[in-house]
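protein-v5.cif (mmCIF, C-alpha atoms)
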```cif
data_entry
#
loop_
_atom_site.label_atom_id
_atom_site.label_comp_id
_atom_site.auth_asym_id
_atom_site.auth_seq_id
_atom_site.Cartn_x
_atom_site.Cartn_y
_atom_site.Cartn_z
CA LEU A 1 63.61 169.54 91.74
CA THR A 2 64.07 173.31 91.48
CA ARG A 3 62.30 173.75 88.14
CA GLU A 4 59.15 175.87 88.21
CA THR A 5 56.23 173.46 87.77
CA GLY A 6 52.50 173.98 87.41
CA PHE A 7 50.03 171.35 88.62
CA GLU A 8 46.39 170.57 87.81
CA ALA A 9 46.58 172.80 84.77
CA VAL A 10 44.03 173.43 82.04
CA MET A 11 44.68 175.29 78.81
CA ARG A 12 42.46 176.83 76.16
CA ILE A 13 43.66 178.26 72.83
CA ARG A 14 41.63 180.78 70.86
CA CYS A 15 42.16 182.40 67.45
CA SER A 16 40.87 185.33 65.46
CA SER A 17 37.74 184.95 63.37
CA GLY A 18 38.38 182.85 60.28
CA VAL A 19 41.05 180.67 61.92
CA THR A 20 40.47 177.56 64.03
CA VAL A 21 42.65 175.02 65.83
CA GLN A 22 42.59 171.85 63.75
CA ASN A 23 44.79 169.56 65.87
CA TYR A 24 46.67 169.51 69.17
CA PHE A 25 49.95 167.62 69.63
CA GLY A 26 51.52 166.78 72.96
CA ASN A 27 50.88 164.81 76.15
CA PHE A 28 47.53 165.94 77.58
CA PHE A 29 43.87 164.94 77.92
CA VAL A 30 41.22 166.75 75.87
CA ARG A 31 38.52 167.44 78.43
CA SER A 32 36.21 169.11 75.92
CA THR A 33 36.50 170.28 72.33
CA ASP A 34 39.01 173.04 73.16
CA LEU A 35 40.02 172.48 76.79
CA LEU A 36 43.27 170.64 77.47
CA ALA A 37 43.92 169.04 80.87
CA LEU A 38 47.59 168.91 81.93
CA PRO A 39 48.47 167.09 85.18
CA ASN A 40 51.70 169.11 85.30
CA ILE A 41 53.55 171.55 83.07
CA ASP A 42 56.94 173.26 83.20
CA PRO A 43 58.96 175.60 80.94
CA SER A 44 60.80 172.71 79.25
CA LYS A 45 57.62 171.17 77.84
CA ALA A 46 56.00 172.22 74.58
CA LEU A 47 52.55 171.76 73.07
CA SER A 48 51.98 172.15 69.35
CA VAL A 49 48.84 173.16 67.48
CA GLN A 50 47.90 173.03 63.82
CA LEU A 51 45.82 175.99 62.68
CA GLN A 52 43.40 175.99 59.78
CA VAL A 53 42.42 179.11 57.84
CA ASN A 54 38.71 178.92 56.99
CA GLU A 55 38.21 182.34 55.39
CA ASP A 56 40.06 184.73 53.12
CA LEU A 57 41.68 186.86 55.82
CA ILE A 58 42.81 189.48 53.29
CA ALA A 59 39.26 189.98 52.04
CA THR A 60 37.87 190.02 55.57
CA ALA A 61 40.42 192.18 57.42
CA GLY A 62 42.57 193.66 54.65
CA GLN A 63 46.26 193.55 53.73
CA GLY A 64 48.56 194.27 56.69
CA SER A 65 46.00 193.25 59.31
CA LEU A 66 46.82 190.93 62.20
CA MET A 67 45.71 187.40 63.06
CA THR A 68 45.80 186.73 66.79
CA VAL A 69 46.39 183.49 68.69
CA GLN A 70 45.86 183.43 72.45
CA ALA A 71 46.62 180.66 74.93
CA ALA A 72 45.32 180.82 78.52
CA LEU A 73 46.87 178.48 81.10
CA LEU A 74 45.30 178.02 84.54
CA TYR A 75 47.54 176.13 86.98
CA THR A 76 48.52 175.63 90.62
CA THR A 77 52.04 176.50 91.76
CA SER A 78 54.15 174.37 94.10
CA SER A 79 53.14 176.80 96.87
CA SER A 80 49.43 176.06 96.25
CA GLU A 81 48.65 179.36 94.52
CA ARG A 82 46.14 179.21 91.69
CA ARG A 83 47.38 181.37 88.80
CA ILE A 84 46.46 182.12 85.23
CA ARG A 85 48.92 183.00 82.48
CA VAL A 86 47.76 184.44 79.18
CA MET A 87 50.04 184.43 76.12
CA THR A 88 49.00 186.36 73.02
CA ARG A 89 50.70 186.42 69.63
CA ALA A 90 49.66 188.72 66.77
CA LEU A 91 50.82 187.64 63.31
CA PRO A 92 50.63 189.83 60.18
CA VAL A 93 48.38 188.67 57.35
CA THR A 94 49.75 188.80 53.82
CA SER A 95 48.95 187.54 50.34
CA ASP A 96 52.65 187.70 49.35
CA LEU A 97 53.93 184.11 49.22
CA GLY A 98 57.52 185.37 49.18
CA LYS A 99 57.08 187.03 52.58
CA LEU A 100 55.40 183.89 53.88
CA TYR A 101 58.27 181.62 52.80
CA ASN A 102 60.90 184.04 54.12
CA SER A 103 59.29 184.11 57.57
CA ILE A 104 59.19 180.33 58.04
CA ASP A 105 60.98 178.91 61.09
CA VAL A 106 62.44 175.63 59.81
CA ASN A 107 63.02 174.28 63.33
CA ALA A 108 59.34 174.77 64.19
CA VAL A 109 58.36 173.08 60.91
CA VAL A 110 60.50 170.05 61.77
CA ASN A 111 59.12 169.85 65.31
CA LEU A 112 55.49 169.97 64.15
CA THR A 113 56.14 167.57 61.26
CA MET A 114 57.60 164.98 63.63
CA LYS A 115 54.68 165.29 66.04
CA MET A 116 52.16 164.95 63.21
CA ALA A 117 54.02 161.89 61.93
CA ILE A 118 54.03 160.32 65.41
CA GLN A 119 50.28 160.82 65.58
CA LYS A 120 49.92 159.14 62.19
CA ALA A 121 52.17 156.25 63.24
CA LEU A 122 49.96 155.60 66.28
CA THR A 123 46.86 155.22 64.09
CA ASN A 124 48.44 153.74 60.94
CA LYS A 125 51.76 152.11 60.06
CA ILE A 126 55.29 153.34 60.68
CA SER A 127 55.86 153.23 56.91
CA ASP A 128 52.85 155.53 56.39
CA ALA A 129 54.31 158.06 58.79
CA ARG A 130 57.71 157.98 57.05
CA GLU A 131 56.03 158.46 53.69
CA ALA A 132 53.96 161.37 55.01
CA ILE A 133 57.11 163.17 56.22
CA VAL A 134 58.77 162.93 52.79
CA ASN A 135 55.55 163.86 50.95
CA GLN A 136 55.22 167.05 52.99
CA LEU A 137 58.72 168.08 51.93
CA ILE A 138 57.93 167.26 48.29
CA ASP A 139 54.72 169.33 48.41
CA VAL A 140 56.52 172.34 49.93
CA ALA A 141 59.44 172.18 47.47
CA ALA A 142 57.15 171.64 44.47
CA ALA A 143 54.92 174.58 45.43
CA TYR A 144 57.91 176.87 45.89
CA LYS A 145 59.49 175.78 42.62
CA LYS A 146 56.21 176.27 40.77
CA ASN A 147 55.78 179.82 42.09
CA PHE A 148 59.37 181.05 42.30
CA GLY A 149 61.58 178.71 40.25
CA ASN A 150 63.11 180.26 37.15
CA ASN A 151 62.53 177.00 35.32
CA SER A 152 59.96 174.74 36.92
CA LEU A 153 61.20 171.73 34.94
CA SER A 154 64.88 172.05 35.87
CA ASN A 155 66.52 169.42 38.05
CA GLN A 156 67.51 171.84 40.80
CA LEU A 157 65.89 171.48 44.23
CA ALA A 158 64.42 174.93 44.74
CA LEU A 159 63.79 176.00 48.33
CA PRO A 160 63.77 179.39 50.07
CA GLU A 161 66.77 180.31 52.20
CA THR A 162 64.74 179.65 55.36
CA LEU A 163 64.15 176.02 54.34
CA ARG A 164 67.58 175.10 52.95
CA SER A 165 68.18 172.67 55.80
CA LEU A 166 64.72 171.05 55.61
CA PRO A 167 65.76 168.10 53.36
CA LEU A 168 68.56 167.24 55.80
CA TYR A 169 66.16 167.38 58.73
CA VAL A 170 63.62 165.22 56.86
CA LEU A 171 66.31 162.62 56.19
CA GLY A 172 67.10 162.71 59.91
CA CYS A 173 63.41 162.20 60.68
CA ILE A 174 62.98 159.06 58.61
CA LYS A 175 66.26 157.63 59.97
CA ASN A 176 65.34 158.49 63.56
CA THR A 177 64.79 155.77 66.14
CA ILE A 178 61.08 156.60 66.17
CA PHE A 179 60.56 155.74 62.49
CA ARG A 180 63.50 153.49 61.69
CA THR A 181 62.51 149.93 60.78
CA ASN A 182 65.88 148.37 59.90
CA PRO A 183 67.55 147.27 62.08
CA PRO A 184 64.45 146.45 64.15
CA ILE A 185 63.70 148.76 67.07
CA SER A 186 62.31 147.44 70.34
CA PRO A 187 58.61 148.43 70.71
CA ASP A 188 59.31 149.68 74.23
CA LEU A 189 62.16 151.92 73.04
CA ARG A 190 60.14 153.25 70.10
CA SER A 191 57.17 153.97 72.37
CA TYR A 192 59.41 155.76 74.89
CA TYR A 193 60.87 158.07 72.25
CA MET A 194 57.44 158.71 70.74
CA GLN A 195 56.01 159.82 74.07
CA THR A 196 59.13 161.85 74.83
CA TYR A 197 59.13 163.70 71.52
CA ARG A 198 55.47 164.65 71.86
CA TYR A 199 56.40 167.31 74.45
CA LEU A 200 59.90 168.28 73.27
CA PRO A 201 60.38 172.01 72.58
CA VAL A 202 61.62 173.17 69.20
CA ASP A 203 65.39 173.29 69.74
CA ALA A 204 65.55 170.02 71.69
CA GLY A 205 63.43 168.31 69.04
CA CYS A 206 65.79 169.38 66.27
CA ILE A 207 68.85 168.11 68.14
CA PHE A 208 67.12 164.76 68.55
CA VAL A 209 66.46 164.63 64.79
CA TYR A 210 69.91 165.89 63.75
CA PRO A 211 72.38 165.54 66.66
CA ARG A 212 75.47 167.67 67.18
CA MET A 213 78.89 166.08 66.71
CA PHE A 214 82.18 167.63 67.85
CA ALA A 215 85.82 166.64 67.36
CA LEU A 216 87.79 166.64 70.64
CA HIS A 217 91.22 165.53 69.39
CA ASN A 218 92.05 168.75 67.54
CA LEU A 219 90.59 171.48 69.75
CA SER A 220 91.64 175.02 68.97
CA ASP A 221 93.24 177.00 71.80
CA GLU A 222 90.01 178.81 72.76
CA CYS A 223 87.66 175.79 72.75
CA GLY A 224 86.64 174.73 76.25
CA LEU A 225 87.37 178.17 77.71
CA SER A 226 85.16 181.17 78.45
CA GLU A 227 85.77 184.64 77.11
CA THR A 228 84.66 186.07 80.45
CA GLU A 229 84.58 184.61 83.93
CA ASP A 230 80.83 183.89 83.86
CA GLY A 231 80.49 183.65 80.09
CA PRO A 232 79.51 180.57 78.08
CA VAL A 233 82.09 177.94 77.20
CA ILE A 234 83.30 178.11 73.60
CA LEU A 235 82.30 174.87 71.88
CA PRO A 236 84.13 173.23 68.96
CA PRO A 237 82.62 173.57 65.47
CA VAL A 238 79.67 171.27 64.78
CA LEU A 239 80.51 168.58 62.23
CA ASN A 240 78.31 167.10 59.53
CA LEU A 241 76.92 163.70 60.49
CA CYS A 242 78.79 161.60 57.96
CA SER A 243 81.56 159.02 58.24
CA ASP A 244 83.88 161.23 56.18
CA LYS A 245 84.28 163.40 59.28
CA LEU A 246 85.47 160.48 61.43
CA GLU A 247 89.21 160.95 61.04
CA ARG A 248 91.62 158.16 61.86
CA GLY A 249 92.81 158.55 65.42
CA GLY A 250 90.01 161.00 66.25
CA VAL A 251 87.90 161.36 69.40
CA PHE A 252 84.34 162.52 68.81
CA LEU A 253 81.53 163.71 71.07
CA LEU A 254 77.91 163.34 69.91
CA ASP A 255 74.91 164.98 71.59
CA ASN A 256 71.42 163.80 70.61
CA GLY A 257 69.64 165.76 73.32
CA GLN A 258 69.07 162.66 75.44
CA GLN A 259 72.57 161.25 75.79
CA LEU A 260 76.22 162.10 75.12
CA PHE A 261 78.46 159.63 73.30
CA MET A 262 82.27 159.83 73.27
CA ARG A 263 83.85 157.63 70.60
CA ILE A 264 87.57 156.88 70.89
CA SER A 265 89.27 155.62 67.72
CA LYS A 266 91.57 152.61 67.76
CA THR A 267 94.58 154.74 66.75
CA THR A 268 94.02 157.69 69.08
CA ASP A 269 97.20 159.50 70.10
CA PRO A 270 98.52 157.95 73.40
CA ASN A 271 99.39 161.46 74.63
CA PHE A 272 95.71 162.45 74.34
CA LEU A 273 94.65 159.36 76.25
CA TYR A 274 97.19 160.00 78.99
CA GLU A 275 96.13 163.63 79.45
CA VAL A 276 92.41 162.79 79.61
CA PHE A 277 92.31 159.31 81.18
CA GLY A 278 95.65 159.13 82.97
CA THR A 279 96.86 156.15 80.93
CA ALA A 280 98.17 155.73 77.40
CA ASP A 281 96.53 152.31 77.05
CA ILE A 282 92.78 152.11 77.71
CA SER A 283 92.33 148.56 76.37
CA GLN A 284 91.83 147.25 79.90
CA THR A 285 90.04 150.33 81.26
CA PRO A 286 86.31 149.85 82.08
CA LEU A 287 85.16 152.97 80.22
CA ASN A 288 81.56 152.50 81.35
CA GLN A 289 82.77 153.41 84.86
CA VAL A 290 84.87 156.42 83.82
CA MET A 291 83.79 160.00 84.52
CA ILE A 292 85.47 163.03 83.01
CA GLN A 293 85.74 165.84 85.55
CA SER A 294 87.88 168.93 85.79
CA ASN A 295 91.06 168.77 87.86
CA PRO A 296 91.66 171.95 89.94
CA SER A 297 95.37 171.13 90.19
CA LEU A 298 95.76 171.51 86.42
CA PRO A 299 95.66 174.87 84.59
CA PRO A 300 92.26 175.81 83.03
CA ASN A 301 93.69 175.48 79.52
CA SER A 302 94.80 171.88 80.05
CA LEU A 303 93.21 169.37 77.69
CA LEU A 304 91.38 167.52 80.48
CA ASN A 305 89.83 170.67 81.94
CA ARG A 306 88.79 172.01 78.53
CA ILE A 307 87.09 168.74 77.54
CA ALA A 308 85.41 168.55 80.96
CA ALA A 309 84.17 172.12 80.50
CA ILE A 310 82.71 171.30 77.07
CA ILE A 311 80.89 168.24 78.43
CA ASN A 312 79.62 170.14 81.47
CA SER A 313 78.45 173.01 79.27
CA LEU A 314 76.38 170.64 77.14
CA GLN A 315 74.94 168.83 80.16
CA MET A 316 73.96 172.07 81.92
CA GLU A 317 72.32 173.88 79.01
CA PRO A 318 69.28 175.70 80.43
CA ASP A 319 66.74 174.21 77.99
CA ARG A 320 67.67 170.62 78.80
CA ILE A 321 64.76 168.39 79.77
CA PHE A 322 67.06 165.55 80.82
CA PHE A 323 70.56 165.49 82.24
CA PRO A 324 72.37 163.62 79.44
CA ARG A 325 74.53 160.77 80.64
CA LEU A 326 77.98 160.48 79.07
CA SER A 327 78.80 157.10 77.51
CA ILE A 328 82.48 156.55 76.66
CA PHE A 329 83.44 153.69 74.36
CA LYS A 330 86.10 152.55 71.92
CA GLU A 331 85.71 152.09 68.19
CA GLY A 332 84.23 148.64 67.60
CA ASP A 333 82.51 148.37 71.00
CA ALA A 334 78.81 147.56 71.32
CA LEU A 335 77.85 151.25 71.55
CA ASP A 336 79.65 152.00 68.29
CA GLY A 337 76.64 150.78 66.32
CA SER A 338 74.38 153.23 68.12
CA PHE A 339 76.83 156.06 67.48
CA LEU A 340 77.11 155.27 63.76
CA SER A 341 73.32 155.08 63.43
CA TYR A 342 73.20 158.84 64.10
CA LEU A 343 75.33 159.60 61.02
CA VAL A 344 72.21 160.41 59.01
CA GLU A 345 74.08 161.72 55.97
CA ASP A 346 75.49 158.23 55.26
CA LYS A 347 73.65 155.50 53.39
CA THR A 348 72.37 153.01 55.94
CA ASN A 349 70.25 149.88 55.55
CA ASN A 350 68.94 150.73 52.08
CA VAL A 351 68.01 154.29 53.09
CA TYR A 352 69.43 157.10 50.95
CA SER A 353 72.57 159.00 51.78
CA TYR A 354 72.06 162.78 51.81
CA PRO A 355 73.33 163.37 48.22
CA GLU A 356 71.20 160.44 46.98
CA PHE A 357 68.18 161.79 48.85
CA LEU A 358 68.53 165.19 47.17
CA ILE A 359 68.71 163.56 43.74
CA HIS A 360 65.63 161.48 44.55
CA LEU A 361 63.71 164.60 45.61
CA GLN A 362 64.70 166.45 42.44
CA ARG A 363 63.42 163.62 40.26
CA VAL A 364 60.13 163.26 42.15
CA ILE A 365 59.46 167.01 42.14
CA SER A 366 60.29 167.35 38.44
CA THR A 367 57.89 164.50 37.66
CA LYS A 368 55.21 166.04 39.87
CA LEU A 369 55.49 169.42 38.11
CA LYS A 370 55.33 167.86 34.64
#
```

As a first step, turn the structure in this file into structure tokens.
Amino acid sequence: LTRETGFEAVMRIRCSSGVTVQNYFGNFFVRSTDLLALPNIDPSKALSVQLQVNEDLIATAGQGSLMTVQAALLYTTSSSERRIRVMTRALPVTSDLGKLYNSIDVNAVVNLTMKMAIQKALTNKISDAREAIVNQLIDVAAAYKKNFGNNSLSNQLALPETLRSLPLYVLGCIKNTIFRTNPPISPDLRSYYMQTYRYLPVDAGCIFVYPRMFALHNLSDECGLSETEDGPVILPPVLNLCSDKLERGGVFLLDNGQQLFMRISKTTDPNFLYEVFGTADISQTPLNQVMIQSNPSLPPNSLLNRIAAIINSLQMEPDRIFFPRLSIFKEGDALDGSFLSYLVEDKTNNVYSYPEFLIHLQRVISTKLK
């Protein structure tokens, strides 16, 4: 209710000579060839564009010149003021592929790749979109290996430092609810996530592709506390999304950007349960009705207050589009299947595990280069 929102907005994006906008991605209506109509817009929404270079910019403008992209947004504020906001970005032009690879933002690549795949899925098949995501990774890795690999026929997956996490993100993309085919996904749920992702900003989109998982049963002394009175809460280390990290007796919190899941193992320490839930036996506790809130009567460094602070910190992150609801469940409950489906590094339903996926990519790229 308090978020700054623009209404009845229109946007136009322009580029320097030799560069044109090839595609727009997001939730909008194209009123003319380059005019986007947006019923409302706020800082948590993102639009993506795909640019196409039509000329040799080095030959036209010279090495070290700048290519400019400008977006103009005309909108009405909640107080009925008509305003215009102009955003301009100047990007250096280079013929050095090394500089180009080293300046890549992998999170932006993932966000745009997902939106392009969603667009393809709406006009083709889900399987075509999944294949397109993997093929884009193969093309990028093969091109880098061809230009910078010491031995283009070796079996090593060569990628620049900026793209080291791209294979993991791609695996998360093809296992995501949007593109997953087994087990079957409800058409309504798939459609909802498709429309939601089309306007997700970069960071939120990456969390949805590769969620964050934290262990709550072995918090260090500083986790859940702030270094200063108004400072951010110190979060536990982020864990890899694989079943190897699910220790016996552990309690884990998973954040996919839309929802928080707390998974309680069958052999969780009764002392932990008593400190957090007030009972050492939660077998008869309706966890779907439980809320975890701080208790002012307990010291700030108590386990309950630290876990409550971690959850509140995640829910109140400034870039959140939604307020993520916390779902608490026990190992083996109905929600456990949903939780385990986010462990993208595991082999699930005939889809590669992360090590298997890397081996597959190496083989395909080596064959492609031969």

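Comparing A:Gly224, A:Gly337, A:Gly250, A:Pro211 by their smallest distance to Ile311 in chain A, the closest is A:Gly224 (using only C-alpha atoms).
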
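Relative to CA of Gln258 in chain A, CA of Met114 in chain A is found at 16.6 Å.
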
Can you work out which one of A:Val93, A:Val106, A:Ile185, A:Ile178 has the shortest atom-to-atom distance to Leu166 in chain A, counting all atoms listed in the file? A:Val106

May I ask which of the residues A:Ser103, A:Asn240, A:Thr76, A:Asn135 is the closest one to Leu91 in chain A, counting all atoms listed in the file? A:Ser103

Which residue of A:Leu51, A:Ile310, A:Ile234, A:Val351 approaches Met67 in chain A most closely, using only C-alpha atoms: A:Leu51

Can you list, as a PDB file with C-alpha atoms, in the coordinates of the input, the residues that the PyMOL selection byres ((chain A and resi 218) around 12) selects here?
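Final output, out_11.pdb:
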```pdb
ATOM      1  CA  PHE A 214      82.180 167.630  67.850  1.00  0.00           C
ATOM      2  CA  ALA A 215      85.820 166.640  67.360  1.00  0.00           C
ATOM      3  CA  LEU A 216      87.790 166.640  70.640  1.00  0.00           C
ATOM      4  CA  HIS A 217      91.220 165.530  69.390  1.00  0.00           C
ATOM      5  CA  LEU A 219      90.590 171.480  69.750  1.00  0.00           C
ATOM      6  CA  SER A 220      91.640 175.020  68.970  1.00  0.00           C
ATOM      7  CA  ASP A 221      93.240 177.000  71.800  1.00  0.00           C
ATOM      8  CA  GLU A 222      90.010 178.810  72.760  1.00  0.00           C
ATOM      9  CA  CYS A 223      87.660 175.790  72.750  1.00  0.00           C
ATOM     10  CA  GLY A 224      86.640 174.730  76.250  1.00  0.00           C
ATOM     11  CA  PRO A 236      84.130 173.230  68.960  1.00  0.00           C
ATOM     12  CA  PRO A 237      82.620 173.570  65.470  1.00  0.00           C
ATOM     13  CA  GLU A 247      89.210 160.950  61.040  1.00  0.00           C
ATOM     14  CA  GLY A 249      92.810 158.550  65.420  1.00  0.00           C
ATOM     15  CA  GLY A 250      90.010 161.000  66.250  1.00  0.00           C
ATOM     16  CA  VAL A 251      87.900 161.360  69.400  1.00  0.00           C
ATOM     17  CA  PHE A 252      84.340 162.520  68.810  1.00  0.00           C
ATOM     18  CA  THR A 268      94.020 157.690  69.080  1.00  0.00           C
ATOM     19  CA  ASP A 269      97.200 159.500  70.100  1.00  0.00           C
ATOM     20  CA  PHE A 272      95.710 162.450  74.340  1.00  0.00           C
ATOM     21  CA  LEU A 303      93.210 169.370  77.690  1.00  0.00           C
ATOM     22  CA  ARG A 306      88.790 172.010  78.530  1.00  0.00           C
ATOM     23  CA  ILE A 307      87.090 168.740  77.540  1.00  0.00           C
TER      24      ILE A 307
END
```

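In this structure, CA of Asp333 in chain A sits 27.8 Å away from CA of Asn295 in chain A.
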
When you get a chance, write out all heavy atoms for range 139-148 of chain A, as a PDB file, keeping the file's coordinate frame.
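File written: result-v5.pdb
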```pdb
ATOM      1  N   ASP A 139      55.780 168.356  48.687  1.00  0.00           N
ATOM      2  CA  ASP A 139      54.720 169.330  48.410  1.00  0.00           C
ATOM      3  C   ASP A 139      55.227 170.760  48.593  1.00  0.00           C
ATOM      4  O   ASP A 139      54.928 171.648  47.778  1.00  0.00           O
ATOM      5  CB  ASP A 139      53.520 169.082  49.333  1.00  0.00           C
ATOM      6  CG  ASP A 139      52.792 167.787  48.995  1.00  0.00           C
ATOM      7  OD1 ASP A 139      52.990 167.279  47.871  1.00  0.00           O
ATOM      8  OD2 ASP A 139      52.045 167.284  49.854  1.00  0.00           O
ATOM      9  N   VAL A 140      55.995 170.998  49.668  1.00  0.00           N
ATOM     10  CA  VAL A 140      56.520 172.340  49.930  1.00  0.00           C
ATOM     11  C   VAL A 140      57.497 172.757  48.828  1.00  0.00           C
ATOM     12  O   VAL A 140      57.415 173.867  48.285  1.00  0.00           O
ATOM     13  CB  VAL A 140      57.215 172.384  51.309  1.00  0.00           C
ATOM     14  CG1 VAL A 140      57.985 173.697  51.479  1.00  0.00           C
ATOM     15  CG2 VAL A 140      56.189 172.243  52.425  1.00  0.00           C
ATOM     16  N   ALA A 141      58.432 171.865  48.481  1.00  0.00           N
ATOM     17  CA  ALA A 141      59.440 172.180  47.470  1.00  0.00           C
ATOM     18  C   ALA A 141      58.810 172.365  46.094  1.00  0.00           C
ATOM     19  O   ALA A 141      59.201 173.250  45.333  1.00  0.00           O
ATOM     20  CB  ALA A 141      60.503 171.092  47.433  1.00  0.00           C
ATOM     21  N   ALA A 142      57.816 171.529  45.766  1.00  0.00           N
ATOM     22  CA  ALA A 142      57.150 171.640  44.470  1.00  0.00           C
ATOM     23  C   ALA A 142      56.364 172.952  44.360  1.00  0.00           C
ATOM     24  O   ALA A 142      56.385 173.616  43.317  1.00  0.00           O
ATOM     25  CB  ALA A 142      56.229 170.450  44.246  1.00  0.00           C
ATOM     26  N   ALA A 143      55.686 173.324  45.447  1.00  0.00           N
ATOM     27  CA  ALA A 143      54.920 174.580  45.430  1.00  0.00           C
ATOM     28  C   ALA A 143      55.846 175.780  45.295  1.00  0.00           C
ATOM     29  O   ALA A 143      55.547 176.727  44.545  1.00  0.00           O
ATOM     30  CB  ALA A 143      54.097 174.685  46.715  1.00  0.00           C
ATOM     31  N   TYR A 144      56.979 175.742  46.000  1.00  0.00           N
ATOM     32  CA  TYR A 144      57.910 176.870  45.890  1.00  0.00           C
ATOM     33  C   TYR A 144      58.524 176.936  44.499  1.00  0.00           C
ATOM     34  O   TYR A 144      58.652 178.017  43.909  1.00  0.00           O
ATOM     35  CB  TYR A 144      59.022 176.728  46.940  1.00  0.00           C
ATOM     36  CG  TYR A 144      59.986 177.895  46.934  1.00  0.00           C
ATOM     37  CD1 TYR A 144      59.668 179.084  47.577  1.00  0.00           C
ATOM     38  CD2 TYR A 144      61.201 177.815  46.270  1.00  0.00           C
ATOM     39  CE1 TYR A 144      60.536 180.161  47.568  1.00  0.00           C
ATOM     40  CE2 TYR A 144      62.082 178.886  46.247  1.00  0.00           C
ATOM     41  CZ  TYR A 144      61.736 180.061  46.907  1.00  0.00           C
ATOM     42  OH  TYR A 144      62.594 181.136  46.876  1.00  0.00           O
ATOM     43  N   LYS A 145      58.882 175.798  43.952  1.00  0.00           N
ATOM     44  CA  LYS A 145      59.490 175.780  42.620  1.00  0.00           C
ATOM     45  C   LYS A 145      58.495 176.240  41.562  1.00  0.00           C
ATOM     46  O   LYS A 145      58.848 176.949  40.614  1.00  0.00           O
ATOM     47  CB  LYS A 145      59.977 174.364  42.304  1.00  0.00           C
ATOM     48  CG  LYS A 145      60.833 174.271  41.047  1.00  0.00           C
ATOM     49  CD  LYS A 145      61.438 172.885  40.930  1.00  0.00           C
ATOM     50  CE  LYS A 145      62.400 172.835  39.751  1.00  0.00           C
ATOM     51  NZ  LYS A 145      63.041 171.510  39.623  1.00  0.00           N
ATOM     52  N   LYS A 146      57.240 175.876  41.729  1.00  0.00           N
ATOM     53  CA  LYS A 146      56.210 176.270  40.770  1.00  0.00           C
ATOM     54  C   LYS A 146      55.988 177.781  40.786  1.00  0.00           C
ATOM     55  O   LYS A 146      55.764 178.400  39.739  1.00  0.00           O
ATOM     56  CB  LYS A 146      54.907 175.552  41.106  1.00  0.00           C
ATOM     57  CG  LYS A 146      53.770 175.859  40.147  1.00  0.00           C
ATOM     58  CD  LYS A 146      52.524 175.070  40.519  1.00  0.00           C
ATOM     59  CE  LYS A 146      51.374 175.385  39.560  1.00  0.00           C
ATOM     60  NZ  LYS A 146      50.158 174.622  39.911  1.00  0.00           N
ATOM     61  N   ASN A 147      56.063 178.387  41.962  1.00  0.00           N
ATOM     62  CA  ASN A 147      55.780 179.820  42.090  1.00  0.00           C
ATOM     63  C   ASN A 147      57.007 180.710  41.925  1.00  0.00           C
ATOM     64  O   ASN A 147      56.887 181.848  41.480  1.00  0.00           O
ATOM     65  CB  ASN A 147      55.145 180.099  43.463  1.00  0.00           C
ATOM     66  CG  ASN A 147      53.719 179.600  43.556  1.00  0.00           C
ATOM     67  OD1 ASN A 147      52.803 180.224  43.066  1.00  0.00           O
ATOM     68  ND2 ASN A 147      53.535 178.452  44.200  1.00  0.00           N
ATOM     69  N   PHE A 148      58.195 180.185  42.285  1.00  0.00           N
ATOM     70  CA  PHE A 148      59.370 181.050  42.300  1.00  0.00           C
ATOM     71  C   PHE A 148      60.546 180.498  41.503  1.00  0.00           C
ATOM     72  O   PHE A 148      61.543 181.194  41.339  1.00  0.00           O
ATOM     73  CB  PHE A 148      59.832 181.295  43.750  1.00  0.00           C
ATOM     74  CG  PHE A 148      58.803 181.984  44.590  1.00  0.00           C
ATOM     75  CD1 PHE A 148      57.987 181.255  45.445  1.00  0.00           C
ATOM     76  CD2 PHE A 148      58.626 183.354  44.513  1.00  0.00           C
ATOM     77  CE1 PHE A 148      57.031 181.876  46.224  1.00  0.00           C
ATOM     78  CE2 PHE A 148      57.664 183.985  45.292  1.00  0.00           C
ATOM     79  CZ  PHE A 148      56.862 183.257  46.145  1.00  0.00           C
TER      80      PHE A 148
END
```
